Amino acid sequence: MTFRRRSLLALPAALALPLLRPGAAQATSMAVPAVAAPAPAFTGTNSNGAQVSLAQFAGKPVVLEWTNDGCPYVRKFYNAGAMQDLQRQAAAMGAVWLSIISSPPGEQGHVDGAGANALSQSRNAAPAHVLLDPEGRIGRIYGATVTPHMFIIDAKGTLVYAGGADSIPSTRQDDLARATPYVRDALTALAAGKPIANPITRPYGCVVKYRNQV
């Protein structure tokens with residue numbers, strides 16, 4: 001019952017989010033990094049306890065996926081195998097996929113390292129790393145407001161995409177086939193050396209409950 005109530009409360013807030021744009025501010029007073037500018041640097045701890053920094057992937061594209069396994073919007077993509085397909089598409093083009101969990105203790109989606117690894121195994125997920133961000137440091141740097149919230153960084157370290165995984169803000173798997181697959185299209189364009197048609201889109205999903213959020 002608690003999960004269901006929290007998910008329903010997150011829906012109106014997520015759908016009310018404005019279109020992400022360079023320099024915009026969200027309700028959490030976080031600055032949104034600018035697309036076409038250098039991606040903000042960060043270092044975090046992965047699910048195996050190792051330190052992972054954006055700098056160590058210099059020369060490779062990087063995908064950032066904010067996730068929460070209890071969120072019905074996230075489940076839509078994972079239950080259909082769509083997010084896993086994107087992870088493998090990214091790996092095939094030489095990109096590094098980082099799944100990031102910014103849920104603090106006591107909030108939906110919070111897991112420890114062992115729990116994160118078990119989730120990846122049970123969902124047949126294929127991120128290069130799962131980063132645990134319970135203090136919300138990385139999430140605040142990127143202005144990640146919902147799960148899933150997606151960002152793509154090119155091999156030169158430039159942020160080239162920020163927004164939703166696709167264009168239809170619903171929890172229904174049937175909508176995946178009708179939606180514009182923003183992240184898939186962006187990865188395809190990036191691999192082909194072409195401009196990304198929709199570099200800034202509206203994210204949707206369950207609101208990230210940052211620690212000490214006001």
# chains A, B, ... in the order shown; residues from 1 in each chain; ligands from 1
$ residues_around --residues "segment 136-141 of chain A" --least-positions-apart "6" --cutoff "12 Å" --atoms "only C-alpha atoms" --output "PyMOL selection string"
chain A and resi 25-34+39-45+52-54+64-67+98-105+110+147-151+207-213
$ write_last_selection --atoms "N, CA and C atoms" --output "short mmCIF file (atom, residue, chain, number, x, y, z; two decimals), in the first residue's frame"
data_model
loop_
_atom_site.label_atom_id
_atom_site.label_comp_id
_atom_site.auth_asym_id
_atom_site.auth_seq_id
_atom_site.Cartn_x
_atom_site.Cartn_y
_atom_site.Cartn_z
N ALA A 25 16.11 25.69 -14.01
CA ALA A 25 16.15 25.22 -12.62
C ALA A 25 14.88 24.44 -12.35
N GLN A 26 15.00 23.35 -11.58
CA GLN A 26 13.86 22.53 -11.24
C GLN A 26 13.38 22.92 -9.84
N ALA A 27 12.30 22.28 -9.41
CA ALA A 27 11.71 22.60 -8.12
C ALA A 27 12.65 22.30 -6.96
N THR A 28 13.64 21.43 -7.18
CA THR A 28 14.59 21.07 -6.13
C THR A 28 15.74 22.06 -6.06
N SER A 29 15.69 23.18 -6.81
CA SER A 29 16.71 24.22 -6.83
C SER A 29 18.04 23.70 -7.36
N MET A 30 17.98 22.71 -8.24
CA MET A 30 19.18 22.18 -8.85
C MET A 30 19.34 22.79 -10.23
N ALA A 31 20.54 23.18 -10.59
CA ALA A 31 20.80 23.68 -11.92
C ALA A 31 20.90 22.52 -12.89
N VAL A 32 20.28 22.67 -14.04
CA VAL A 32 20.34 21.64 -15.07
C VAL A 32 21.56 21.91 -15.94
N PRO A 33 22.45 20.94 -16.13
CA PRO A 33 23.63 21.17 -16.96
C PRO A 33 23.22 21.45 -18.40
N ALA A 34 24.00 22.23 -19.09
CA ALA A 34 23.66 22.67 -20.44
C ALA A 34 24.07 21.63 -21.47
N ALA A 39 30.18 18.05 -19.95
CA ALA A 39 29.41 17.36 -18.92
C ALA A 39 30.06 17.56 -17.55
N PRO A 40 29.27 17.79 -16.51
CA PRO A 40 29.84 17.97 -15.17
C PRO A 40 30.62 16.73 -14.72
N ALA A 41 31.77 16.95 -14.13
CA ALA A 41 32.60 15.86 -13.63
C ALA A 41 32.00 15.30 -12.34
N PHE A 42 32.26 14.02 -12.08
CA PHE A 42 31.80 13.41 -10.83
C PHE A 42 32.62 12.16 -10.54
N THR A 43 32.60 11.77 -9.29
CA THR A 43 33.16 10.50 -8.85
C THR A 43 32.16 9.87 -7.90
N GLY A 44 31.91 8.57 -8.05
CA GLY A 44 30.97 7.87 -7.20
C GLY A 44 31.46 6.48 -6.88
N THR A 45 30.71 5.79 -6.04
CA THR A 45 31.04 4.43 -5.65
C THR A 45 30.09 3.46 -6.33
N VAL A 52 34.41 5.19 -9.13
CA VAL A 52 34.22 5.36 -10.57
C VAL A 52 34.08 6.85 -10.84
N SER A 53 34.85 7.36 -11.79
CA SER A 53 34.76 8.78 -12.15
C SER A 53 34.45 8.92 -13.63
N LEU A 54 33.80 10.01 -13.96
CA LEU A 54 33.53 10.27 -15.37
C LEU A 54 34.83 10.41 -16.14
N LEU A 64 24.10 8.05 -18.81
CA LEU A 64 23.69 8.08 -17.41
C LEU A 64 22.20 7.79 -17.32
N GLU A 65 21.84 6.82 -16.51
CA GLU A 65 20.44 6.43 -16.33
C GLU A 65 20.09 6.49 -14.85
N TRP A 66 19.23 7.42 -14.46
CA TRP A 66 18.76 7.42 -13.07
C TRP A 66 17.66 6.39 -12.93
N THR A 67 17.77 5.53 -11.92
CA THR A 67 16.86 4.40 -11.83
C THR A 67 16.37 4.18 -10.41
N LEU A 98 26.13 3.91 -17.22
CA LEU A 98 26.16 4.02 -15.77
C LEU A 98 24.73 4.18 -15.26
N SER A 99 24.24 3.17 -14.54
CA SER A 99 22.94 3.28 -13.88
C SER A 99 23.19 3.89 -12.50
N ILE A 100 22.42 4.90 -12.14
CA ILE A 100 22.67 5.65 -10.91
C ILE A 100 21.43 5.60 -10.01
N ILE A 101 21.65 5.23 -8.76
CA ILE A 101 20.57 5.14 -7.79
C ILE A 101 20.77 6.24 -6.75
N SER A 102 19.93 7.25 -6.79
CA SER A 102 20.06 8.38 -5.86
C SER A 102 19.05 8.33 -4.72
N SER A 103 18.36 7.20 -4.58
CA SER A 103 17.38 7.07 -3.48
C SER A 103 18.10 6.93 -2.15
N PRO A 104 17.79 7.79 -1.16
CA PRO A 104 18.42 7.66 0.16
C PRO A 104 17.77 6.55 0.97
N PRO A 105 18.38 6.15 2.07
CA PRO A 105 17.76 5.13 2.94
C PRO A 105 16.36 5.54 3.35
N HIS A 110 15.93 2.55 -2.74
CA HIS A 110 17.24 2.47 -2.07
C HIS A 110 17.68 1.02 -1.95
N THR A 147 12.91 9.19 -12.19
CA THR A 147 13.44 7.93 -12.72
C THR A 147 12.42 7.37 -13.71
N PRO A 148 12.86 7.03 -14.94
CA PRO A 148 14.23 7.21 -15.45
C PRO A 148 14.47 8.64 -15.98
N HIS A 149 15.63 9.19 -15.68
CA HIS A 149 16.09 10.45 -16.27
C HIS A 149 17.40 10.12 -16.97
N MET A 150 17.53 10.51 -18.22
CA MET A 150 18.62 10.03 -19.06
C MET A 150 19.51 11.16 -19.55
N PHE A 151 20.81 10.88 -19.62
CA PHE A 151 21.79 11.83 -20.14
C PHE A 151 22.80 11.05 -20.99
N VAL A 207 9.40 10.87 -8.97
CA VAL A 207 10.26 11.94 -8.47
C VAL A 207 11.37 11.35 -7.59
N VAL A 208 12.60 11.79 -7.82
CA VAL A 208 13.73 11.38 -6.98
C VAL A 208 13.60 12.07 -5.62
N LYS A 209 13.57 11.28 -4.55
CA LYS A 209 13.42 11.82 -3.19
C LYS A 209 14.83 12.00 -2.60
N TYR A 210 15.42 13.17 -2.82
CA TYR A 210 16.76 13.41 -2.32
C TYR A 210 16.77 13.55 -0.80
N ARG A 211 17.87 13.12 -0.19
CA ARG A 211 18.04 13.29 1.25
C ARG A 211 18.07 14.78 1.59
N ASN A 212 17.36 15.13 2.67
CA ASN A 212 17.31 16.51 3.14
C ASN A 212 16.72 17.46 2.11
N GLN A 213 15.91 16.93 1.22
CA GLN A 213 15.28 17.78 0.20
C GLN A 213 14.25 18.68 0.87
#
$ atom_distance --atom1 "atom CA of Thr145 of chain A" --atom2 "atom CA of Ala82 of chain A"
21.1 Å
$ atom_distance --atom1 "atom CA of Gly106 of chain A" --atom2 "atom CA of Gln87 of chain A"
28.0 Å
$ residues_around --residues "Tyr78 of chain A" --least-positions-apart "4" --cutoff "12 Å" --atoms "only C-alpha atoms" --output "list in words"
Thr67, Asn68, Asp69, Gly70, Cys71, Pro72, Tyr73, Val74, Ala82, Met83, Gln84, Asp85, Leu86, Gln87, Leu119, Ser120, Ser122, Arg123, Asn124, Ala125, Ala126, Pro148, Ala165, Thr171, Arg172, Gln173 and Leu176 of chain A
$ write_last_selection --atoms "C-alpha atoms" --output "tab-separated table (two decimals), in the first residue's frame"
chain	number	residue	atom	x	y	z
A	67	THR	CA	16.86	4.40	-11.83
A	68	ASN	CA	14.60	3.15	-9.02
A	69	ASP	CA	13.48	-0.46	-9.19
A	70	GLY	CA	10.21	0.29	-7.37
A	71	CYS	CA	9.12	2.95	-9.85
A	72	PRO	CA	6.40	1.79	-12.29
A	73	TYR	CA	7.89	3.94	-15.06
A	74	VAL	CA	11.24	2.23	-14.64
A	82	ALA	CA	13.70	-2.16	-23.46
A	83	MET	CA	16.23	-0.65	-21.06
A	84	GLN	CA	18.41	-3.73	-21.24
A	85	ASP	CA	18.35	-3.52	-25.04
A	86	LEU	CA	19.49	0.10	-24.84
A	87	GLN	CA	22.30	-0.87	-22.48
A	119	LEU	CA	18.70	-6.47	-9.32
A	120	SER	CA	21.00	-6.33	-12.34
A	122	SER	CA	17.48	-10.69	-11.95
A	123	ARG	CA	16.59	-8.19	-14.70
A	124	ASN	CA	19.36	-9.35	-17.06
A	125	ALA	CA	20.54	-5.76	-17.08
A	126	ALA	CA	23.88	-4.82	-18.62
A	148	PRO	CA	14.23	7.21	-15.45
A	165	ALA	CA	13.86	7.67	-22.31
A	171	THR	CA	3.60	3.14	-17.29
A	172	ARG	CA	2.09	0.97	-20.05
A	173	GLN	CA	4.43	-1.32	-21.95
A	176	LEU	CA	6.78	1.68	-25.99
$ closest_residue --among "A:Pro61, A:Gly109, A:Gly115, A:Pro169" --to "Leu190 of chain A" --atoms "only C-alpha atoms"
A:Pro61
$ closest_residue --among "A:Gly163, A:Gly49, A:Gly113, A:Gly94" --to "Ala128 of chain A" --atoms "only C-alpha atoms"
A:Gly94
$ select_by_dssp --residues "segment 29-196 of chain A" --states "strand (DSSP E)" --output "VMD selection string"
chain A and resid 43 to 46 51 to 53 62 to 66 96 to 101 129 to 132 146 to 147 149 to 153 159 to 163
$ residues_around --residues "Thr158 of chain A" --least-positions-apart "6" --cutoff "6 Å" --atoms "only C-alpha atoms" --output "count of residues only"
4
$ closest_residue --among "A:Asp154, A:Asp175, A:Asp166, A:Asp112" --to "Tyr204 of chain A" --atoms "only C-alpha atoms"
A:Asp166
$ select_by_dssp --residues "segment 69-142 of chain A" --states "alpha helix (DSSP H)" --output "ChimeraX atom specification"
/A:72-79,82-92,113-122,137-142
$ atom_distance --atom1 "atom CA of Gln108 of chain A" --atom2 "atom CA of Ala144 of chain A"
15.7 Å
